[in-house]
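One file, target-v5.cif, is given below (mmCIF, C-alpha atoms).
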data_target
#
loop_
_atom_site.group_PDB
_atom_site.id
_atom_site.type_symbol
_atom_site.label_atom_id
_atom_site.label_comp_id
_atom_site.auth_asym_id
_atom_site.auth_seq_id
_atom_site.Cartn_x
_atom_site.Cartn_y
_atom_site.Cartn_z
ATOM 1 C CA MET U 1 1.394 -20.574 -0.002
ATOM 2 C CA LEU U 2 4.863 -20.896 -1.521
ATOM 3 C CA LEU U 3 5.242 -17.215 -2.367
ATOM 4 C CA GLU U 4 4.437 -16.228 1.217
ATOM 5 C CA LYS U 5 7.196 -18.499 2.543
ATOM 6 C CA GLU U 6 9.647 -17.194 -0.035
ATOM 7 C CA ILE U 7 8.931 -13.582 0.898
ATOM 8 C CA LYS U 8 9.135 -14.266 4.637
ATOM 9 C CA LEU U 9 12.644 -15.630 4.110
ATOM 10 C CA LEU U 10 13.622 -12.358 2.451
ATOM 11 C CA LEU U 11 12.184 -10.044 5.112
ATOM 12 C CA ARG U 12 14.356 -8.639 7.864
ATOM 13 C CA ASP U 13 13.135 -7.684 11.348
ATOM 14 C CA VAL U 14 14.690 -4.510 12.726
ATOM 15 C CA PRO U 15 13.947 -4.174 16.461
ATOM 16 C CA ASP U 16 13.245 -0.791 18.034
ATOM 17 C CA PHE U 17 12.830 1.073 14.736
ATOM 18 C CA PRO U 18 11.607 3.763 14.315
ATOM 19 C CA LYS U 19 11.148 3.825 18.098
ATOM 20 C CA PRO U 20 11.584 1.426 21.022
ATOM 21 C CA GLY U 21 9.106 -1.451 21.060
ATOM 22 C CA ILE U 22 8.431 -1.453 17.298
ATOM 23 C CA VAL U 23 9.736 -4.373 15.218
ATOM 24 C CA PHE U 24 10.132 -2.942 11.721
ATOM 25 C CA LYS U 25 9.513 -5.346 8.809
ATOM 26 C CA ASP U 26 12.232 -4.406 6.319
ATOM 27 C CA ILE U 27 11.374 -5.359 2.732
ATOM 28 C CA THR U 28 14.649 -4.022 1.309
ATOM 29 C CA PRO U 29 16.037 -7.547 0.740
ATOM 30 C CA LEU U 30 12.919 -8.317 -1.342
ATOM 31 C CA PHE U 31 13.767 -5.380 -3.620
ATOM 32 C CA GLY U 32 17.151 -6.976 -4.251
ATOM 33 C CA ASN U 33 15.743 -10.333 -5.362
ATOM 34 C CA ALA U 34 14.596 -9.861 -8.962
ATOM 35 C CA LEU U 35 12.715 -13.166 -9.243
ATOM 36 C CA ALA U 36 10.805 -12.775 -5.950
ATOM 37 C CA ARG U 37 10.068 -9.120 -6.764
ATOM 38 C CA LYS U 38 8.646 -10.164 -10.131
ATOM 39 C CA LYS U 39 6.494 -12.870 -8.487
ATOM 40 C CA VAL U 40 5.043 -10.308 -6.063
ATOM 41 C CA VAL U 41 4.148 -7.933 -8.900
ATOM 42 C CA GLU U 42 2.595 -10.722 -10.982
ATOM 43 C CA GLU U 43 0.609 -12.105 -8.013
ATOM 44 C CA ILE U 44 -0.912 -8.736 -7.153
ATOM 45 C CA ALA U 45 -1.577 -7.808 -10.796
ATOM 46 C CA ASN U 46 -3.225 -11.182 -11.453
ATOM 47 C CA TYR U 47 -5.404 -10.837 -8.362
ATOM 48 C CA PHE U 48 -6.731 -7.431 -9.469
ATOM 49 C CA SER U 49 -6.759 -8.036 -13.242
ATOM 50 C CA ARG U 50 -10.525 -8.709 -13.305
ATOM 51 C CA GLU U 51 -11.511 -5.807 -11.024
ATOM 52 C CA ASN U 52 -11.673 -3.056 -13.676
ATOM 53 C CA ILE U 53 -9.005 -1.028 -11.876
ATOM 54 C CA GLN U 54 -8.345 2.241 -13.722
ATOM 55 C CA VAL U 55 -5.650 3.844 -11.548
ATOM 56 C CA LEU U 56 -3.155 2.631 -8.966
ATOM 57 C CA ALA U 57 -2.227 5.031 -6.158
ATOM 58 C CA ALA U 58 0.653 4.069 -3.880
ATOM 59 C CA VAL U 59 1.917 5.499 -0.626
ATOM 60 C CA GLU U 60 5.425 6.902 -0.212
ATOM 61 C CA ALA U 61 8.013 5.553 0.065
ATOM 62 C CA ARG U 62 8.232 1.753 -0.062
ATOM 63 C CA GLY U 63 4.759 1.515 -1.564
ATOM 64 C CA PHE U 64 6.040 3.441 -4.602
ATOM 65 C CA ILE U 65 8.445 0.736 -5.655
ATOM 66 C CA PHE U 66 5.945 -2.074 -5.997
ATOM 67 C CA GLY U 67 3.076 0.302 -6.812
ATOM 68 C CA ALA U 68 4.768 1.568 -9.960
ATOM 69 C CA LEU U 69 5.666 -1.968 -11.031
ATOM 70 C CA ILE U 70 2.109 -3.235 -10.432
ATOM 71 C CA ALA U 71 0.627 -0.281 -12.348
ATOM 72 C CA GLN U 72 2.994 -1.068 -15.225
ATOM 73 C CA GLU U 73 1.931 -4.731 -15.184
ATOM 74 C CA LEU U 74 -1.760 -3.711 -15.199
ATOM 75 C CA ASN U 75 -1.075 -1.058 -17.879
ATOM 76 C CA ILE U 76 -2.757 1.691 -15.837
ATOM 77 C CA PRO U 77 -1.637 5.091 -14.512
ATOM 78 C CA PHE U 78 0.447 5.307 -11.346
ATOM 79 C CA ILE U 79 -0.413 8.061 -8.860
ATOM 80 C CA PRO U 80 1.938 8.952 -5.983
ATOM 81 C CA ILE U 81 0.568 9.600 -2.513
ATOM 82 C CA ARG U 82 3.301 11.654 -0.883
ATOM 83 C CA LYS U 83 4.239 12.784 2.580
ATOM 84 C CA ALA U 84 3.138 16.350 3.308
ATOM 85 C CA GLY U 85 5.149 19.087 1.631
ATOM 86 C CA LYS U 86 6.519 16.961 -1.236
ATOM 87 C CA LEU U 87 4.021 17.683 -4.040
ATOM 88 C CA PRO U 88 4.445 20.921 -6.015
ATOM 89 C CA TYR U 89 0.926 21.404 -7.406
ATOM 90 C CA LYS U 90 -2.579 21.856 -5.928
ATOM 91 C CA LYS U 91 -3.233 18.979 -3.535
ATOM 92 C CA ILE U 92 -5.541 17.375 -0.997
ATOM 93 C CA THR U 93 -4.008 16.659 2.429
ATOM 94 C CA GLU U 94 -5.144 14.116 5.018
ATOM 95 C CA GLU U 95 -3.747 13.796 8.537
ATOM 96 C CA TYR U 96 -3.828 10.467 10.365
ATOM 97 C CA SER U 97 -2.393 8.492 13.267
ATOM 98 C CA LEU U 98 0.320 5.865 13.021
ATOM 99 C CA GLU U 99 1.056 3.242 15.647
ATOM 100 C CA TYR U 100 3.966 5.483 16.687
ATOM 101 C CA GLY U 101 2.827 9.061 15.937
ATOM 102 C CA GLN U 102 1.027 11.439 13.574
ATOM 103 C CA ALA U 103 1.535 11.945 9.844
ATOM 104 C CA SER U 104 0.038 13.632 6.765
ATOM 105 C CA ILE U 105 -0.190 12.496 3.163
ATOM 106 C CA GLU U 106 -1.108 14.360 -0.015
ATOM 107 C CA MET U 107 -2.267 13.737 -3.567
ATOM 108 C CA HIS U 108 -2.562 16.164 -6.486
ATOM 109 C CA GLU U 109 -6.118 17.379 -7.058
ATOM 110 C CA ASP U 110 -5.979 16.346 -10.726
ATOM 111 C CA ALA U 111 -4.506 12.883 -10.114
ATOM 112 C CA PHE U 112 -7.413 11.052 -11.781
ATOM 113 C CA ALA U 113 -10.854 11.681 -13.252
ATOM 114 C CA PRO U 114 -13.863 11.621 -10.913
ATOM 115 C CA GLY U 115 -15.468 8.183 -10.867
ATOM 116 C CA SER U 116 -12.148 6.395 -11.464
ATOM 117 C CA ARG U 117 -11.747 2.991 -9.819
ATOM 118 C CA VAL U 118 -8.582 3.285 -7.727
ATOM 119 C CA LEU U 119 -6.443 0.494 -6.314
ATOM 120 C CA LEU U 120 -4.542 1.647 -3.223
ATOM 121 C CA HIS U 121 -1.176 -0.007 -2.619
ATOM 122 C CA ASP U 122 1.289 0.105 0.257
ATOM 123 C CA ASP U 123 3.954 -2.299 1.411
ATOM 124 C CA LEU U 124 2.484 -3.056 4.842
ATOM 125 C CA LEU U 125 -0.877 -2.962 6.624
ATOM 126 C CA ALA U 126 -0.673 -2.301 10.375
ATOM 127 C CA THR U 127 -3.239 -0.086 12.116
ATOM 128 C CA GLY U 128 -4.925 0.977 8.864
ATOM 129 C CA GLY U 129 -4.274 4.684 9.457
ATOM 130 C CA THR U 130 -2.342 5.322 6.259
ATOM 131 C CA ALA U 131 -4.721 3.214 4.142
ATOM 132 C CA THR U 132 -7.755 4.998 5.597
ATOM 133 C CA ALA U 133 -6.201 8.415 4.971
ATOM 134 C CA ALA U 134 -5.394 7.426 1.373
ATOM 135 C CA ALA U 135 -8.983 6.253 0.855
ATOM 136 C CA HIS U 136 -10.346 9.540 2.214
ATOM 137 C CA ILE U 137 -8.242 11.477 -0.294
ATOM 138 C CA VAL U 138 -9.444 9.271 -3.164
ATOM 139 C CA GLN U 139 -13.052 9.774 -2.084
ATOM 140 C CA GLN U 140 -12.603 13.561 -1.716
ATOM 141 C CA LEU U 141 -11.416 13.652 -5.321
ATOM 142 C CA GLY U 142 -14.486 11.699 -6.470
ATOM 143 C CA GLY U 143 -12.728 8.362 -6.926
ATOM 144 C CA VAL U 144 -13.934 4.914 -5.952
ATOM 145 C CA VAL U 145 -11.683 2.800 -3.744
ATOM 146 C CA ALA U 146 -11.802 -0.441 -5.725
ATOM 147 C CA GLY U 147 -9.283 -2.390 -3.660
ATOM 148 C CA TYR U 148 -6.391 -2.449 -1.242
ATOM 149 C CA SER U 149 -3.110 -4.163 -1.997
ATOM 150 C CA PHE U 150 -0.337 -4.892 0.505
ATOM 151 C CA ILE U 151 2.666 -7.173 0.599
ATOM 152 C CA ILE U 152 2.473 -7.667 4.384
ATOM 153 C CA ASN U 153 -0.433 -7.698 6.831
ATOM 154 C CA LEU U 154 0.390 -7.426 10.532
ATOM 155 C CA SER U 155 -2.807 -9.262 11.491
ATOM 156 C CA PHE U 156 -2.242 -8.740 15.220
ATOM 157 C CA LEU U 157 -2.969 -5.032 14.613
ATOM 158 C CA PRO U 158 -6.449 -3.716 13.667
ATOM 159 C CA GLY U 159 -5.817 -2.593 10.071
ATOM 160 C CA GLU U 160 -7.566 -5.389 8.188
ATOM 161 C CA GLY U 161 -10.687 -5.210 10.348
ATOM 162 C CA LEU U 162 -10.767 -1.418 10.100
ATOM 163 C CA LEU U 163 -10.684 -1.458 6.288
ATOM 164 C CA LYS U 164 -13.392 -4.133 6.124
ATOM 165 C CA LYS U 165 -15.607 -2.165 8.525
ATOM 166 C CA ARG U 166 -15.098 1.352 7.106
ATOM 167 C CA PHE U 167 -14.899 0.598 3.395
ATOM 168 C CA ASP U 168 -16.406 -2.899 3.069
ATOM 169 C CA ILE U 169 -13.235 -4.014 1.285
ATOM 170 C CA LYS U 170 -11.175 -7.052 2.198
ATOM 171 C CA PRO U 171 -7.547 -6.061 1.684
ATOM 172 C CA HIS U 172 -5.381 -8.290 -0.450
ATOM 173 C CA TYR U 173 -1.955 -9.206 0.922
ATOM 174 C CA ILE U 174 0.617 -11.944 0.362
ATOM 175 C CA VAL U 175 2.297 -12.300 3.760
ATOM 176 C CA LYS U 176 0.530 -12.459 7.104
ATOM 177 C CA PHE U 177 2.091 -12.142 10.548
#

Whole structure, structure tokens version:
Amino acid sequence: MLLEKEIKLLLRDVPDFPKPGIVFKDITPLFGNALARKKVVEEIANYFSRENIQVLAAVEARGFIFGALIAQELNIPFIPIRKAGKLPYKKITEEYSLEYGQASIEMHEDAFAPGSRVLLHDDLLATGGTATAAAHIVQQLGGVVAGYSFIINLSFLPGEGLLKKRFDIKPHYIVKF
């Protein structure tokens, strides 16, 4: 896949971030390449264009950047999933485990209408903790998780298998490590 190779050339590995032993996949250089960024947005939007997606929800912070662009391309609402304590209105909170600690995410209670088909987007799939927590929030609000979108899948970690098993959804991603 040509796009996968192009993106891999733009990624930067940052060893021992955010803690020793973790190799962080930095997508910041991808943000700075307008043509590659546009190709990523178009690829993901094209993939989901026939899935009757009604809302795109993306996880803070790097997921926001592409999430908003993909929602724009699909002409659907964008919903932020924020770290705990960042949303001002009534919200649903979900705690989860990361490969290097604990975290919480939140979404406004009125983010979408019950029954809405929601595409969940984040920049990277690792253990599946964040994606699972996001799906639980969507389900608590009466939404249907219609798909998962990622730029990167760390296939040596259990995230992809977890999402397939728990939600019967094969995540879509462009780059696989």

Spatial neighbours of Val23 of chain U, 12 Å, all atoms listed in the file, chain gap at least 4 places, as a ChimeraX atom specification: /U:11-19,99-100,126,154,177

Residue nearest Ser155 of chain U - candidates U:Leu125, U:Val138, U:Pro171, U:Pro80, atoms counted: all atoms listed in the file: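 Selected residue with least distance to Ser155 of chain U: U:Leu125.
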
Which residue of U:His121, U:Leu141, U:Ala113, U:Gly63 approaches Thr93 of chain U most closely, using only C-alpha atoms: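 Checking each candidate against Thr93 of chain U, we get U:Leu141 as the closest.
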
Please evaluate the PyMOL selection byres ((chain U and resi 85) around 12) against the displayed coordinates and give the resulting residues as an mmCIF file with C-alpha atoms, keeping the file's coordinate frame.
data_model
loop_
_atom_site.group_PDB
_atom_site.id
_atom_site.type_symbol
_atom_site.label_atom_id
_atom_site.label_comp_id
_atom_site.auth_asym_id
_atom_site.auth_seq_id
_atom_site.Cartn_x
_atom_site.Cartn_y
_atom_site.Cartn_z
ATOM 1 C CA ILE U 81 0.568 9.600 -2.513
ATOM 2 C CA ARG U 82 3.301 11.654 -0.883
ATOM 3 C CA LYS U 83 4.239 12.784 2.580
ATOM 4 C CA ALA U 84 3.138 16.350 3.308
ATOM 5 C CA LYS U 86 6.519 16.961 -1.236
ATOM 6 C CA LEU U 87 4.021 17.683 -4.040
ATOM 7 C CA PRO U 88 4.445 20.921 -6.015
ATOM 8 C CA TYR U 89 0.926 21.404 -7.406
ATOM 9 C CA LYS U 90 -2.579 21.856 -5.928
ATOM 10 C CA LYS U 91 -3.233 18.979 -3.535
ATOM 11 C CA ILE U 92 -5.541 17.375 -0.997
ATOM 12 C CA THR U 93 -4.008 16.659 2.429
ATOM 13 C CA GLU U 94 -5.144 14.116 5.018
ATOM 14 C CA ALA U 103 1.535 11.945 9.844
ATOM 15 C CA SER U 104 0.038 13.632 6.765
ATOM 16 C CA ILE U 105 -0.190 12.496 3.163
ATOM 17 C CA GLU U 106 -1.108 14.360 -0.015
ATOM 18 C CA MET U 107 -2.267 13.737 -3.567
ATOM 19 C CA HIS U 108 -2.562 16.164 -6.486
#

Interatomic distance, atom CA of Thr28 of chain U to atom CA of Gly67 of chain U (Å, one decimal):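 A separation of 14.8 Å between them.
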
Test item: the PyMOL selection byres ((chain U and resi 161-169) around 10) resolved as a ChimeraX atom specification: /U:125,127-129,131-132,135,145-148,155,157-160,170-172

Axis-aligned box for segment 84-102 of chain U, 4 Å per side, centre and edges in Å as AutoDock Vina command-line options:
--center_x 0.5 --center_y 12.5 --center_z 4.6 --size_x 20.1 --size_y 26.6 --size_z 32.1
